Structure formats: C-alpha cells, structure tokens
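Novice: File final-v9.cif follows (mmCIF, C-alpha atoms):
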data_entry
loop_
_atom_site.label_atom_id
_atom_site.label_comp_id
_atom_site.auth_asym_id
_atom_site.auth_seq_id
_atom_site.Cartn_x
_atom_site.Cartn_y
_atom_site.Cartn_z
CA MET B 1 15.55 -8.05 -45.74
CA GLY B 2 13.52 -9.52 -42.89
CA GLU B 3 14.61 -11.90 -40.16
CA GLN B 4 16.52 -15.03 -41.12
CA VAL B 5 17.11 -17.99 -38.78
CA VAL B 6 20.81 -18.23 -37.95
CA HIS B 7 20.58 -21.11 -35.51
CA ALA B 8 17.69 -22.98 -33.92
CA TYR B 9 18.70 -24.29 -30.52
CA GLU B 10 16.37 -26.64 -28.70
CA THR B 11 14.73 -23.87 -26.65
CA VAL B 12 16.06 -20.64 -28.21
CA ASN B 13 16.06 -19.25 -31.74
CA LEU B 14 18.80 -16.98 -33.05
CA LEU B 15 17.71 -14.76 -35.92
CA ALA B 16 19.26 -11.90 -37.85
CA ASP B 17 18.08 -9.00 -39.96
CA GLY B 18 21.34 -7.66 -41.37
CA PRO B 19 23.46 -6.46 -38.43
CA ALA B 20 20.52 -6.63 -35.99
CA ALA B 21 20.30 -10.00 -34.20
CA THR B 22 17.38 -11.37 -32.22
CA ILE B 23 17.49 -14.02 -29.51
CA GLU B 24 14.01 -15.50 -29.23
CA LEU B 25 13.18 -17.42 -26.05
CA ASN B 26 11.33 -20.44 -27.37
CA ARG B 27 9.51 -22.48 -24.72
CA PRO B 28 6.09 -20.96 -25.43
CA ASP B 29 4.19 -23.84 -23.84
CA THR B 30 5.69 -22.82 -20.47
CA LEU B 31 5.67 -19.06 -21.11
CA ASN B 32 9.41 -19.39 -21.72
CA ALA B 33 10.21 -20.70 -18.25
CA TRP B 34 13.86 -21.46 -17.51
CA ASN B 35 15.05 -25.06 -17.23
CA ARG B 36 18.52 -26.56 -17.65
CA GLN B 37 18.36 -26.80 -21.45
CA PHE B 38 16.96 -23.29 -21.76
CA ALA B 39 19.82 -21.84 -19.71
CA GLU B 40 22.40 -23.69 -21.81
CA ASP B 41 20.84 -22.56 -25.08
CA LEU B 42 20.40 -18.95 -23.99
CA LEU B 43 24.02 -18.70 -22.85
CA ALA B 44 25.22 -20.20 -26.14
CA ALA B 45 23.19 -17.67 -28.13
CA ILE B 46 24.46 -14.77 -26.05
CA GLN B 47 28.05 -15.89 -26.49
CA LYS B 48 27.54 -16.29 -30.24
CA VAL B 49 26.16 -12.80 -30.86
CA SER B 50 28.65 -11.27 -28.44
CA GLY B 51 31.57 -12.70 -30.40
CA ASP B 52 30.19 -11.97 -33.87
CA PRO B 53 31.62 -8.69 -35.25
CA GLY B 54 28.83 -8.58 -37.82
CA VAL B 55 26.20 -8.19 -35.09
CA ARG B 56 25.78 -4.54 -34.06
CA SER B 57 22.60 -4.69 -31.97
CA VAL B 58 20.73 -7.46 -30.15
CA VAL B 59 17.07 -7.94 -29.24
CA ILE B 60 15.91 -10.51 -26.69
CA ARG B 61 12.23 -11.40 -26.96
CA GLY B 62 9.86 -14.22 -26.05
CA ALA B 63 7.92 -16.51 -28.36
CA GLY B 64 4.24 -17.06 -27.75
CA ARG B 65 2.19 -15.22 -25.13
CA GLY B 66 4.94 -13.58 -23.10
CA PHE B 67 8.57 -12.74 -22.47
CA SER B 68 9.35 -15.18 -19.63
CA SER B 69 7.48 -16.56 -16.64
CA GLY B 70 10.72 -17.12 -14.71
CA ALA B 71 12.24 -20.34 -13.44
CA ASP B 72 10.55 -23.63 -14.27
CA LEU B 73 9.71 -24.74 -10.73
CA ARG B 74 9.23 -28.34 -11.82
CA ASP B 75 12.80 -28.38 -13.08
CA ILE B 76 14.18 -26.78 -9.89
CA ALA B 77 12.32 -29.22 -7.65
CA ALA B 78 13.71 -32.24 -9.50
CA ASP B 79 17.17 -31.00 -10.49
CA SER B 80 20.23 -30.34 -8.31
CA LEU B 81 19.58 -31.20 -4.67
CA THR B 82 21.50 -30.52 -1.47
CA PRO B 83 22.44 -33.41 0.88
CA ALA B 84 19.28 -32.49 2.81
CA GLY B 85 17.21 -33.12 -0.29
CA ARG B 86 16.31 -29.46 -0.91
CA PRO B 87 16.85 -27.69 -4.25
CA ASP B 88 20.44 -26.50 -4.65
CA VAL B 89 19.45 -23.09 -5.98
CA GLN B 90 22.88 -21.60 -5.30
CA LYS B 91 24.44 -24.10 -7.70
CA ILE B 92 21.80 -23.30 -10.32
CA LEU B 93 22.25 -19.55 -9.93
CA VAL B 94 26.05 -19.53 -10.00
CA GLY B 95 26.46 -22.21 -12.64
CA ARG B 96 23.66 -21.35 -15.06
CA TYR B 97 21.97 -18.01 -14.47
CA HIS B 98 24.84 -15.70 -13.54
CA PRO B 99 26.88 -16.33 -16.73
CA ILE B 100 23.83 -15.28 -18.77
CA ILE B 101 23.23 -12.05 -16.88
CA GLU B 102 26.92 -11.17 -16.78
CA GLY B 103 27.27 -12.03 -20.48
CA ILE B 104 24.65 -9.44 -21.38
CA ARG B 105 26.26 -6.78 -19.22
CA ARG B 106 29.73 -7.48 -20.68
CA MET B 107 28.53 -7.57 -24.29
CA ARG B 108 30.12 -4.66 -26.16
CA LYS B 109 26.99 -3.87 -28.14
CA PRO B 110 23.52 -2.58 -27.21
CA VAL B 111 20.92 -5.12 -26.07
CA ILE B 112 17.16 -4.47 -26.12
CA ALA B 113 14.65 -6.46 -24.09
CA ALA B 114 11.38 -6.59 -26.08
CA VAL B 115 8.76 -7.50 -23.48
CA HIS B 116 5.19 -8.52 -24.23
CA GLY B 117 3.05 -10.32 -21.69
CA PRO B 118 4.75 -11.31 -18.43
CA ALA B 119 8.36 -10.71 -17.41
CA VAL B 120 8.49 -12.55 -14.09
CA GLY B 121 11.19 -13.61 -11.64
CA ILE B 122 14.45 -14.45 -13.39
CA GLY B 123 12.64 -13.42 -16.59
CA LEU B 124 12.42 -9.90 -15.19
CA SER B 125 16.08 -10.05 -14.15
CA LEU B 126 16.95 -10.98 -17.74
CA ALA B 127 14.99 -8.03 -19.13
CA LEU B 128 16.56 -5.57 -16.71
CA ALA B 129 20.07 -6.82 -17.50
CA CYS B 130 19.54 -5.44 -21.00
CA ASP B 131 20.45 -1.85 -21.85
CA LEU B 132 16.98 -0.80 -22.98
CA VAL B 133 13.61 -2.34 -22.08
CA VAL B 134 10.77 -1.80 -24.56
CA ALA B 135 7.32 -3.11 -23.65
CA SER B 136 3.94 -3.62 -25.23
CA GLU B 137 1.09 -1.89 -23.44
CA THR B 138 -0.23 -5.21 -22.09
CA ALA B 139 3.13 -6.33 -20.67
CA TYR B 140 3.67 -6.57 -16.94
CA PHE B 141 6.63 -6.98 -14.61
CA LEU B 142 6.67 -9.05 -11.44
CA LEU B 143 9.20 -9.97 -8.74
CA ALA B 144 7.27 -13.14 -7.94
CA PHE B 145 9.93 -14.73 -5.72
CA ILE B 146 8.25 -13.77 -2.45
CA ASN B 147 5.07 -15.60 -3.47
CA ILE B 148 6.89 -18.93 -3.09
CA GLY B 149 9.03 -17.91 -0.11
CA LEU B 150 12.14 -16.79 -2.01
CA VAL B 151 14.01 -13.52 -2.63
CA PRO B 152 14.96 -11.71 -5.86
CA ASP B 153 17.93 -13.13 -7.75
CA GLY B 154 19.65 -12.91 -11.13
CA GLY B 155 20.84 -9.40 -10.29
CA ALA B 156 17.33 -8.08 -9.58
CA SER B 157 18.40 -6.80 -6.16
CA VAL B 158 20.76 -4.44 -8.04
CA PHE B 159 18.85 -3.70 -11.25
CA VAL B 160 15.49 -2.84 -9.70
CA PRO B 161 16.66 -0.28 -7.08
CA ALA B 162 19.14 1.17 -9.59
CA ARG B 163 16.24 1.89 -11.93
CA ILE B 164 13.38 2.86 -9.59
CA GLY B 165 14.88 3.53 -6.15
CA PHE B 166 14.88 1.75 -2.81
CA ALA B 167 11.26 2.32 -1.76
CA ARG B 168 9.67 0.99 -4.94
CA ALA B 169 12.19 -1.85 -5.18
CA VAL B 170 11.28 -3.05 -1.70
CA GLU B 171 7.59 -2.74 -2.60
CA MET B 172 8.06 -4.94 -5.64
CA ALA B 173 10.15 -7.48 -3.73
CA MET B 174 7.94 -7.73 -0.63
CA LEU B 175 4.45 -7.44 -2.12
CA GLY B 176 5.06 -9.58 -5.20
CA GLU B 177 2.46 -7.73 -7.26
CA ARG B 178 2.26 -7.12 -10.98
CA VAL B 179 3.53 -3.77 -12.25
CA PRO B 180 1.72 -2.94 -15.52
CA ALA B 181 3.73 -1.52 -18.39
CA GLY B 182 2.39 2.02 -17.97
CA ARG B 183 3.31 2.16 -14.29
CA ALA B 184 6.69 0.57 -15.01
CA LEU B 185 7.37 3.39 -17.48
CA ASP B 186 6.25 6.05 -15.00
CA TRP B 187 8.52 4.53 -12.33
CA GLY B 188 11.52 4.39 -14.69
CA LEU B 189 11.77 0.60 -14.61
CA ILE B 190 11.57 0.45 -18.41
CA ASN B 191 12.30 2.79 -21.32
CA GLN B 192 9.39 2.67 -23.76
CA VAL B 193 5.80 1.39 -24.05
CA HIS B 194 4.01 0.90 -27.36
CA PRO B 195 0.49 -0.23 -28.31
CA ASP B 196 0.41 -3.94 -28.96
CA GLY B 197 -0.25 -3.43 -32.66
CA GLU B 198 2.80 -1.17 -33.03
CA PHE B 199 5.15 -3.01 -30.70
CA THR B 200 6.97 -5.28 -33.17
CA ALA B 201 7.63 -2.47 -35.63
CA ALA B 202 8.86 -0.15 -32.86
CA VAL B 203 11.34 -2.76 -31.62
CA ALA B 204 12.61 -3.40 -35.15
CA GLU B 205 13.03 0.33 -35.77
CA LEU B 206 15.02 0.79 -32.56
CA ALA B 207 17.20 -2.27 -33.24
CA GLY B 208 17.93 -0.99 -36.73
CA ARG B 209 18.75 2.48 -35.45
CA LEU B 210 21.23 1.07 -32.94
CA ALA B 211 22.74 -1.27 -35.53
CA ALA B 212 23.40 1.72 -37.79
CA GLY B 213 24.89 3.82 -35.01
CA PRO B 214 28.39 4.27 -33.55
CA THR B 215 29.00 0.81 -32.14
CA ALA B 216 32.21 1.73 -30.32
CA ALA B 217 30.50 4.67 -28.61
CA TYR B 218 27.56 2.46 -27.56
CA ALA B 219 30.04 0.01 -26.06
CA ALA B 220 31.76 2.88 -24.26
CA VAL B 221 28.46 4.11 -22.81
CA LYS B 222 27.86 0.59 -21.57
CA ARG B 223 31.32 0.46 -19.99
CA GLN B 224 30.59 3.72 -18.19
CA SER B 225 27.31 2.47 -16.77
CA ASN B 226 28.91 -0.84 -15.81
CA ASN B 227 31.72 0.95 -13.98
CA TRP B 228 29.44 2.07 -11.15
CA LEU B 229 26.94 -0.79 -11.44
CA GLU B 230 29.58 -3.51 -11.29
CA ALA B 231 31.29 -2.01 -8.27
CA ALA B 232 28.63 -3.86 -6.27
CA PHE B 233 27.34 -6.32 -8.87
CA PRO B 234 29.56 -9.43 -8.51
CA GLY B 235 29.37 -9.30 -4.73
CA GLN B 236 25.62 -8.79 -4.80
CA LEU B 237 25.16 -11.79 -7.07
CA ALA B 238 27.01 -13.88 -4.51
CA VAL B 239 24.86 -12.47 -1.69
CA GLU B 240 21.69 -13.22 -3.66
CA ALA B 241 22.76 -16.81 -4.27
CA ALA B 242 23.74 -17.41 -0.64
CA ILE B 243 20.49 -15.97 0.74
CA GLN B 244 18.44 -17.80 -1.87
CA GLN B 245 20.08 -21.04 -0.74
CA GLU B 246 18.96 -20.28 2.83
CA MET B 247 15.42 -19.60 1.65
CA ALA B 248 15.30 -22.79 -0.42
CA ALA B 249 15.96 -24.77 2.77
CA THR B 250 12.90 -23.33 4.55
CA ASP B 251 9.55 -24.99 5.05
CA ASP B 252 7.94 -21.89 3.55
CA PHE B 253 9.63 -22.55 0.21
CA ALA B 254 8.53 -26.19 0.29
CA GLU B 255 4.99 -24.96 0.95
CA GLY B 256 5.32 -22.39 -1.83
CA LEU B 257 6.32 -25.09 -4.32
CA ALA B 258 3.49 -27.37 -3.19
CA ALA B 259 0.95 -24.58 -3.42
CA PHE B 260 2.16 -23.65 -6.90
CA ALA B 261 1.93 -27.27 -8.08
CA GLU B 262 -1.54 -27.68 -6.54
CA ARG B 263 -2.74 -24.26 -7.77
CA ARG B 264 -3.85 -23.10 -4.33
CA PRO B 265 -2.88 -20.24 -1.98
CA ALA B 266 0.28 -20.88 0.03
CA HIS B 267 0.03 -21.07 3.82
CA PHE B 268 3.34 -19.77 5.14
CA ALA B 269 4.42 -20.43 8.72
CA GLY B 270 7.43 -18.12 8.74
CA SER B 271 10.01 -20.92 8.97
#
Would it be possible to restate this file's structure as structure tokens?
Specialist:
Amino acid sequence: MGEQVVHAYETVNLLADGPAATIELNRPDTLNAWNRQFAEDLLAAIQKVSGDPGVRSVVIRGAGRGFSSGADLRDIAADSLTPAGRPDVQKILVGRYHPIIEGIRRMRKPVIAAVHGPAVGIGLSLALACDLVVASETAYFLLAFINIGLVPDGGASVFVPARIGFARAVEMAMLGERVPAGRALDWGLINQVHPDGEFTAAVAELAGRLAAGPTAAYAAVKRQSNNWLEAAFPGQLAVEAAIQQEMAATDDFAEGLAAFAERRPAHFAGS
C-alpha cells in the first residue's frame, strides 16, 4: 500500500500504511528542534493516533538529517519568562512537554522510535518514552542539557537509568557526550541497530509485525511496564521541572545560551 498522508500539521506529518501509523517530526531545517508550534502539533498527532481504533502500531521518526536536536533554544529564550526575566522552563515542561511524554506512555498500542542522526535532549527523552527504539548505525544519543548548564528533563532522569543503570545514566547526564548507536545497543539504551541502507525497511517491517499482532496483549504488556515505571514517574517529572527552573535562573545557563548562540565554548562560573 505505502504510506499515505493523513494530516499535515505545520511542523508534524501524520501518515498511515494500513493500520501502521507514522508521526514524522517535520522541522528539518532545525534538525526537528522543539518550539511552541512543534509541541502543539506533536501532541495533537499523538492524541489522534491514540484515539483511532484503526491504528494498531505507531512509529515516530524525524524528517531530514536526524530524529530531533532537542529544544529550540531560540524559542525558549524568547518565550515564557519569569518575573526576573529568565526562561520559565517549568511552565514549558509542564504545559507542553509532559503531556506528550505521558501521552506516549499511556497509549494502548506499541510505539516505535525510529532514530537516524541525532536524538538529543528532549529529543532523546521522546525516543526513550517509546516502547521500542530502533536506530540506524550512524545515529547517536546525547543528554546535552549539561552543556548549557541544565539537567535532564522530559522523563530522561527515569528512562535512562531504567534502561542502562545508575552509573551509565550519571555518565551520560554529567559528561554530555555522544553515545553512538552501537554503544547504545550494547548498553541496553536502545533495542535494535540497522545499517543505514536497511534502516527504513527494518522499521517498516517491525511496525507491520506489531500492527498484525495481538493489540490487546501489547497494551497489557505496556500496562505492566508502566505499573512499576509510573510509581515514580509523575513525581519525577515534577522534580525535573522544579530543578530545571532553578537551573534556568543561574548565570551558568545564561552563559550556556550565549555560548550556543555565538558558537563558542561556554565559560561556566558555577553559579
């Protein structure tokens, strides 16, 4: 049959191939960075496939050169501000990002993250919120928050240690270094890696297999995994948002934003 466009949002495309749906992140000029419109469109697409009984499996992928480069820092710097004039990241997280992550976890059907190129920051959180993560061999994964004076958010402080353990999670969070696809597979951060030339077909095959499978049983498996994951998840999301708000008020974050905009190394003072 092949993919057919179901709905083209401003920054996200919703496609379907029979009962297998695909949500394509579509800001390729920014490596699919998250801004206000992107968050609204992505949530709408997630809600649409979640409520459609004809959809039996879901793929989330990125258009262009990568999956997602994370938050659009230009948007954050100019968007919601606190009375002190600093970015109100807590408002952004709670109001925009958390409903997306929670929507994927609550969806009663399997969700695959198809990652090529970078999955960075909240883009990595999005991938790890999915049930299965399939990567191309040139993909990489990065908790980049520390590089601008922030901490992991979007559920990453739960998803990463749940998948790879405390020691490696702290390494990713504190060092802010790329984890190539092969190492991510060895660590257990992701589920499959395929050569770039075989990646698209492998994702389509897996999506089709899941769409043809026992949907109710898949949903039950997801409920089981959520039962222990969500014991800490809502509270941890709140902790992430509160701590991120503290970090966004620091001079180090202001320096991190300036350094990013000026394409130079950041000079952190520890305050």
Novice: So that I can check the surroundings of Ile104 in chain B, please list as a PyMOL selection string every protein, DNA and RNA residue that reaches within 8 Å of it, counting all atoms listed in the file and ignoring chain neighbours fewer than 5 positions away.
Specialist: chain B and resi 46+111+129-130
Novice: Write out as an MDAnalysis selection string each polymer residue whose atoms come within 9 Å of Gln245 in chain B, counting all atoms listed in the file; drop sequence neighbours fewer than 2 positions from it.
Specialist: chainID B and resid 87:91 240:243 247:249
Novice: What does the distance between CA of Pro19 in chain B and CA of Ala219 in chain B come to in Å, to one decimal place?
Specialist: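 For CA of Pro19 in chain B relative to CA of Ala219 in chain B, the distance reads 15.4 Å.
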Novice: I'd like the neighbourhood of Gly197 in chain B as a list in words, where a residue qualifies if any of its atoms comes within 12 Å (using all atoms listed in the file), though same-chain residues fewer than 2 positions away should be ignored.
Specialist: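 In the requested format, the answer is His116, Ala135, Ser136, Glu137, Thr138, Val193, His194, Pro195, Phe199, Thr200, Ala201, Ala202 and Val203 of chain B.
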Novice: Set the distance at 9 Å and use all atoms listed in the file: which residues neighbour Ser271 in chain B once local chain neighbours fewer than 4 positions away are removed? I'd like the list as JSON, numbers by chain.
Specialist: {"B": [250, 251, 252, 253]}
Novice: Those same residues, written as a short mmCIF file (atom, residue, chain, number, x, y, z; two decimals), in the coordinates of the input with C-alpha atoms?
Specialist:
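Contents of the output file out_9.cif:
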data_model
loop_
_atom_site.label_atom_id
_atom_site.label_comp_id
_atom_site.auth_asym_id
_atom_site.auth_seq_id
_atom_site.Cartn_x
_atom_site.Cartn_y
_atom_site.Cartn_z
CA THR B 250 12.90 -23.33 4.55
CA ASP B 251 9.55 -24.99 5.05
CA ASP B 252 7.94 -21.89 3.55
CA PHE B 253 9.63 -22.55 0.21
#
Novice: I'd like to know which of B:Arg96, B:Pro110, B:Thr82, B:Gln37 is closest to Ala216 in chain B, using all atoms listed in the file.
Specialist: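 For Ala216 in chain B, the nearest of the candidates is B:Pro110.
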Novice: Work out how far CA of Leu257 in chain B is from CA of Leu143 in chain B, in Å to one decimal.
Specialist: 16.0 Å
Novice: Measuring atom to atom with all atoms listed in the file, identify which of B:Val160, B:Leu42, B:Val55, B:Met174 is nearest to Ala212 in chain B.
Specialist: B:Val55
